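Participant: Here it is: the structure, laid out below.
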Amino acid sequence: PLPDYAALQERPEPVRGTAWGLFGEHDELGTLNHLTPERAAAAAALVRSGRSFSLNLPLDAFSPPLIAHRGAVRHEVFGLNEFHRDDRLDAFFPQASSQIDGLRHFGHPDRGFYNGVPGERLVAGTPDLGVQRFAEHGVVGRGVLLDLAAFRAARGAAFDLEEPARVDVDELDRALRWQGTELEPGDILLINFGWLERFLALPAEQRPARVTSPGLLAEERTAAWLWDHRIALVASDNLALEAWPADPMALPVEAERLGALERSSHTGMLHRILIPLLGLAIGELWRLDELVAACRDSRRDSFLLVAQPMHVTGGVASLANARAIL
Ligand code: UVW
């Protein structure tokens, strides 16, 4: 059995506080290892109506882009003759829209990248920690919807689009109890903050210039909660899973270690624990509104979840390519 998060902190150096080696010395899947054929078969048995929902926004859903350097894709359609068409995508950012962040995406400033892979190896043309491993393994399992937007609304405390409300694990537990949901090892957890639907409903000129969104609180308890529940992948309908902008003073131990090092928009991010230390991949900007409505109608919160990451050797991230089947 895997150690719990507290026991990870007791591991000897150089793996203290990490899951490195627990899934294999050269593992490149991280917590996707929880997605076994047995769990996929059990998840398939959840399918009743067969109705299925795309959890993907169009690649060009955000104009202007949410993150400045992930600009609009350029799409060209051309033909070699009058009755033929090919297309070509340029300036294609897999993280411009609904996405899965792979294990190359973030390293920890003090400990480095997942399983101790040196950062120098994480360049174009090398396969290490690439998203092609996710593509080969696939993402198939039990999806569980945690509808935090509904939980908040039922209490008259709806999220404010302009506030980076930071949700702690006590609230996650309360929301699960309110739903009557119990997590199981290997679940793919989808958290609905209701952010994306409301953001996209605003006319472009009314969207805030600086994106702000509710999300998970960046603290070790959040990482411990996800690890100890054996979550295989966690995805949300907001920008970064965690509240945005990040609080640079969160995770003070790291901030202290950083000392005079860079303080960037990534300082204090939960990403820096989840991806490199635990090997937990993150889904962001997943389109959950139709699934949320169907789950509310049918009083369900679990379903078969399938996602096919892109087979890009050495890829950092992928379009989500995710589907929930009820
Ligand atoms: C942010 O930087 C906001 O998130 P990510 O890079 O994971 O998309």
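Following the order of the structure tokens, chains are lettered A, B, ..., residues in each are numbered from 1, and ligands are numbered from 1.
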Name all residues at most 10 Å from A:Ala135 (count only C-alpha atoms; drop same-chain ones fewer than 2 positions away) and give them as an MDAnalysis selection string.
Facilitator: chainID A and resid 130:133 137:139 307:313 318
Participant: Using only C-alpha atoms and all ligand atoms, what are the residues with an atom within 10 Å of ligand 1, set out as a PyMOL selection string?
Facilitator: chain A and resi 66-67+70+94-102+105-106+211-213+238-246+265-266+269-272+275+281-285+317
Participant: Would you save the residues from that selection as a tab-separated table (two decimals), in the first residue's frame, using N, CA and C atoms?
Facilitator:
chain	number	residue	atom	x	y	z
A	66	LEU	N	-6.50	33.93	-22.06
A	66	LEU	CA	-6.50	34.08	-20.60
A	66	LEU	C	-5.09	34.32	-20.08
A	67	ILE	N	-4.13	33.67	-20.71
A	67	ILE	CA	-2.73	33.85	-20.33
A	67	ILE	C	-2.03	34.36	-21.58
A	70	ARG	N	-0.29	32.49	-24.39
A	70	ARG	CA	-1.00	31.39	-25.05
A	70	ARG	C	-2.05	31.98	-25.99
A	94	PRO	N	-1.45	23.96	-26.51
A	94	PRO	CA	-2.38	22.98	-25.94
A	94	PRO	C	-3.02	23.45	-24.63
A	95	GLN	N	-2.45	24.49	-24.01
A	95	GLN	CA	-3.01	24.99	-22.75
A	95	GLN	C	-3.84	26.26	-22.96
A	96	ALA	N	-4.22	26.53	-24.20
A	96	ALA	CA	-5.02	27.74	-24.44
A	96	ALA	C	-6.47	27.55	-24.04
A	97	SER	N	-6.90	26.31	-23.89
A	97	SER	CA	-8.31	26.03	-23.60
A	97	SER	C	-8.36	24.81	-22.67
A	98	SER	N	-9.43	24.02	-22.73
A	98	SER	CA	-9.56	22.87	-21.82
A	98	SER	C	-8.34	21.97	-21.98
A	99	GLN	N	-7.68	21.67	-20.88
A	99	GLN	CA	-6.34	21.07	-20.96
A	99	GLN	C	-6.07	20.07	-19.85
A	100	ILE	N	-5.04	19.27	-20.06
A	100	ILE	CA	-4.43	18.45	-18.99
A	100	ILE	C	-2.97	18.86	-18.90
A	101	ASP	N	-2.56	19.27	-17.71
A	101	ASP	CA	-1.15	19.58	-17.48
A	101	ASP	C	-0.41	18.30	-17.15
A	102	GLY	N	0.63	17.99	-17.90
A	102	GLY	CA	1.39	16.77	-17.64
A	102	GLY	C	2.52	17.00	-16.65
A	105	HIS	N	5.14	19.96	-16.70
A	105	HIS	CA	4.67	21.35	-16.64
A	105	HIS	C	5.33	22.15	-15.51
A	106	PHE	N	5.46	21.53	-14.36
A	106	PHE	CA	6.00	22.25	-13.20
A	106	PHE	C	7.05	21.42	-12.48
A	211	VAL	N	-7.45	38.09	-14.97
A	211	VAL	CA	-8.34	36.99	-14.61
A	211	VAL	C	-8.22	36.65	-13.13
A	212	THR	N	-9.37	36.55	-12.51
A	212	THR	CA	-9.45	36.21	-11.09
A	212	THR	C	-10.43	35.06	-11.00
A	213	SER	N	-10.10	34.03	-10.24
A	213	SER	CA	-11.09	32.96	-10.11
A	213	SER	C	-10.97	32.26	-8.76
A	238	ASN	N	-12.03	26.04	-13.65
A	238	ASN	CA	-11.42	27.37	-13.51
A	238	ASN	C	-10.04	27.39	-14.16
A	239	LEU	N	-9.34	28.50	-13.95
A	239	LEU	CA	-8.09	28.70	-14.70
A	239	LEU	C	-6.98	27.75	-14.30
A	240	ALA	N	-6.84	27.48	-13.01
A	240	ALA	CA	-5.63	26.80	-12.55
A	240	ALA	C	-5.89	25.75	-11.48
A	241	LEU	N	-7.15	25.33	-11.30
A	241	LEU	CA	-7.57	24.45	-10.20
A	241	LEU	C	-7.52	25.20	-8.88
A	242	GLU	N	-6.34	25.77	-8.59
A	242	GLU	CA	-6.21	26.57	-7.37
A	242	GLU	C	-6.69	28.00	-7.66
A	243	ALA	N	-6.98	28.74	-6.60
A	243	ALA	CA	-7.48	30.10	-6.76
A	243	ALA	C	-6.45	30.95	-7.49
A	244	TRP	N	-6.96	31.88	-8.29
A	244	TRP	CA	-6.08	32.73	-9.10
A	244	TRP	C	-6.47	34.18	-8.97
A	245	PRO	N	-5.49	35.10	-8.80
A	245	PRO	CA	-4.05	34.85	-8.80
A	245	PRO	C	-3.58	34.11	-7.56
A	246	ALA	N	-2.44	33.42	-7.73
A	246	ALA	CA	-1.86	32.70	-6.60
A	246	ALA	C	-1.46	33.70	-5.52
A	265	SER	N	4.65	34.82	-10.80
A	265	SER	CA	3.23	34.52	-10.62
A	265	SER	C	3.06	33.07	-10.19
A	266	HIS	N	4.10	32.26	-10.29
A	266	HIS	CA	4.00	30.86	-9.87
A	266	HIS	C	4.37	30.65	-8.41
A	269	MET	N	2.35	28.57	-5.64
A	269	MET	CA	1.31	27.74	-6.29
A	269	MET	C	1.30	26.30	-5.78
A	270	LEU	N	0.08	25.79	-5.63
A	270	LEU	CA	-0.14	24.39	-5.27
A	270	LEU	C	0.42	23.45	-6.35
A	271	HIS	N	0.38	23.92	-7.59
A	271	HIS	CA	0.97	23.15	-8.69
A	271	HIS	C	2.35	22.58	-8.33
A	272	ARG	N	3.11	23.39	-7.57
A	272	ARG	CA	4.50	23.03	-7.30
A	272	ARG	C	4.64	21.85	-6.35
A	275	ILE	N	2.22	18.52	-9.00
A	275	ILE	CA	2.79	17.91	-10.21
A	275	ILE	C	4.17	17.30	-9.93
A	281	ALA	N	-1.41	14.85	-12.09
A	281	ALA	CA	-1.74	15.70	-13.24
A	281	ALA	C	-3.01	16.49	-12.95
A	282	ILE	N	-3.14	17.64	-13.63
A	282	ILE	CA	-4.21	18.59	-13.34
A	282	ILE	C	-4.95	18.93	-14.62
A	283	GLY	N	-6.28	18.90	-14.55
A	283	GLY	CA	-7.10	19.37	-15.66
A	283	GLY	C	-7.61	20.77	-15.36
A	284	GLU	N	-7.58	21.63	-16.35
A	284	GLU	CA	-8.03	23.02	-16.14
A	284	GLU	C	-8.95	23.44	-17.27
A	285	LEU	N	-9.82	24.39	-16.94
A	285	LEU	CA	-10.74	24.96	-17.94
A	285	LEU	C	-11.62	23.88	-18.57
A	317	ALA	N	1.82	19.40	-22.06
A	317	ALA	CA	0.40	19.38	-21.72
A	317	ALA	C	-0.38	18.95	-22.96
Participant: Excluding same-chain residues fewer than 6 positions from A:Ala149, what lies within 10 Å of it counting only C-alpha atoms, as number ranges by chain?
Facilitator: A: 157-159, 175, 191-195, 292
Participant: Considering only C-alpha atoms, state which residue in the set A:Pro203, A:Ala6, A:Leu29, A:Gly279 is at the smallest distance from A:Trp225.
Facilitator: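 Among the listed residues, A:Ala6 lies closest to A:Trp225.
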Participant: Skipping near chain neighbours, those fewer than 2 positions away, what residues fall within 7 Å of stretch 300-303 of chain A using only C-alpha atoms, listed as a list in words?
Facilitator: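 My reading of the contact set: Ala43, Leu46, Val47, Arg142, Gly143, Val144, Leu145, Cys295, Arg296, Ser298, Leu305, Ala324, Ile325 and Leu326 of chain A.
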Participant: Taking the backbone alone, and naming residues the way the document does, which bits of stretch 147-223 of chain A are helix (DSSP H, G or I) by DSSP, as number ranges by chain?
Facilitator: A: 148-154, 169-179, 195-201, 204-206, 220-223
Participant: Give me, as JSON lines, the closest atom pair and its distance (Å, one decimal) for every residue of stretch 1-65 of chain A within a cut-off of 12 Å of stretch 116-120 of chain A, counting only C-alpha atoms, rows sorted by chain and rising number.
Facilitator:
{"residue": "A:Glu13", "atom": "CA", "partner": "A:Gly116", "partner_atom": "CA", "distance": 11.9}
{"residue": "A:Pro14", "atom": "CA", "partner": "A:Gly116", "partner_atom": "CA", "distance": 9.0}
{"residue": "A:Val15", "atom": "CA", "partner": "A:Gly116", "partner_atom": "CA", "distance": 8.6}
{"residue": "A:Arg16", "atom": "CA", "partner": "A:Gly116", "partner_atom": "CA", "distance": 11.9}
{"residue": "A:Thr18", "atom": "CA", "partner": "A:Gly116", "partner_atom": "CA", "distance": 9.9}
{"residue": "A:Ala19", "atom": "CA", "partner": "A:Gly116", "partner_atom": "CA", "distance": 10.4}
{"residue": "A:Trp20", "atom": "CA", "partner": "A:Gly116", "partner_atom": "CA", "distance": 7.3}
{"residue": "A:Gly21", "atom": "CA", "partner": "A:Gly116", "partner_atom": "CA", "distance": 9.2}
{"residue": "A:Glu25", "atom": "CA", "partner": "A:Gly116", "partner_atom": "CA", "distance": 9.6}
{"residue": "A:His26", "atom": "CA", "partner": "A:Val117", "partner_atom": "CA", "distance": 8.9}
{"residue": "A:Asp27", "atom": "CA", "partner": "A:Val117", "partner_atom": "CA", "distance": 10.2}
{"residue": "A:Glu28", "atom": "CA", "partner": "A:Val117", "partner_atom": "CA", "distance": 9.7}
Participant: Write the residues of the selection above to a file with N, CA and C atoms, as a PDB file, in the first residue's frame.
Facilitator:
ATOM      1  N   GLU A  13      15.802  11.487   2.804  1.00  0.00           N
ATOM      2  CA  GLU A  13      16.307  12.286   1.674  1.00  0.00           C
ATOM      3  C   GLU A  13      16.933  11.352   0.640  1.00  0.00           C
ATOM      4  N   PRO A  14      16.900  11.583  -0.658  1.00  0.00           N
ATOM      5  CA  PRO A  14      16.428  12.827  -1.275  1.00  0.00           C
ATOM      6  C   PRO A  14      14.954  12.791  -1.679  1.00  0.00           C
ATOM      7  N   VAL A  15      14.176  11.824  -1.154  1.00  0.00           N
ATOM      8  CA  VAL A  15      12.780  11.703  -1.613  1.00  0.00           C
ATOM      9  C   VAL A  15      11.788  12.171  -0.544  1.00  0.00           C
ATOM     10  N   ARG A  16      12.280  12.777   0.519  1.00  0.00           N
ATOM     11  CA  ARG A  16      11.383  13.257   1.565  1.00  0.00           C
ATOM     12  C   ARG A  16      10.307  14.190   0.986  1.00  0.00           C
ATOM     13  N   THR A  18       8.045  13.492  -1.099  1.00  0.00           N
ATOM     14  CA  THR A  18       7.655  13.223  -2.483  1.00  0.00           C
ATOM     15  C   THR A  18       7.119  11.795  -2.627  1.00  0.00           C
ATOM     16  N   ALA A  19       6.532  11.555  -3.802  1.00  0.00           N
ATOM     17  CA  ALA A  19       6.069  10.206  -4.144  1.00  0.00           C
ATOM     18  C   ALA A  19       7.047   9.531  -5.093  1.00  0.00           C
ATOM     19  N   TRP A  20       8.231  10.117  -5.207  1.00  0.00           N
ATOM     20  CA  TRP A  20       9.202   9.616  -6.184  1.00  0.00           C
ATOM     21  C   TRP A  20       9.566   8.168  -5.878  1.00  0.00           C
ATOM     22  N   GLY A  21       9.531   7.341  -6.925  1.00  0.00           N
ATOM     23  CA  GLY A  21       9.914   5.937  -6.781  1.00  0.00           C
ATOM     24  C   GLY A  21       8.786   5.026  -6.339  1.00  0.00           C
ATOM     25  N   GLU A  25      10.876   3.179 -10.247  1.00  0.00           N
ATOM     26  CA  GLU A  25      12.038   4.072 -10.290  1.00  0.00           C
ATOM     27  C   GLU A  25      11.964   5.033 -11.476  1.00  0.00           C
ATOM     28  N   HIS A  26      11.483   4.518 -12.620  1.00  0.00           N
ATOM     29  CA  HIS A  26      11.451   5.355 -13.824  1.00  0.00           C
ATOM     30  C   HIS A  26      10.024   5.708 -14.222  1.00  0.00           C
ATOM     31  N   ASP A  27       9.130   5.709 -13.255  1.00  0.00           N
ATOM     32  CA  ASP A  27       7.716   5.987 -13.553  1.00  0.00           C
ATOM     33  C   ASP A  27       7.544   7.375 -14.172  1.00  0.00           C
ATOM     34  N   GLU A  28       6.620   7.453 -15.155  1.00  0.00           N
ATOM     35  CA  GLU A  28       6.326   8.743 -15.790  1.00  0.00           C
ATOM     36  C   GLU A  28       4.821   9.008 -15.844  1.00  0.00           C
TER      37      GLU A  28
END
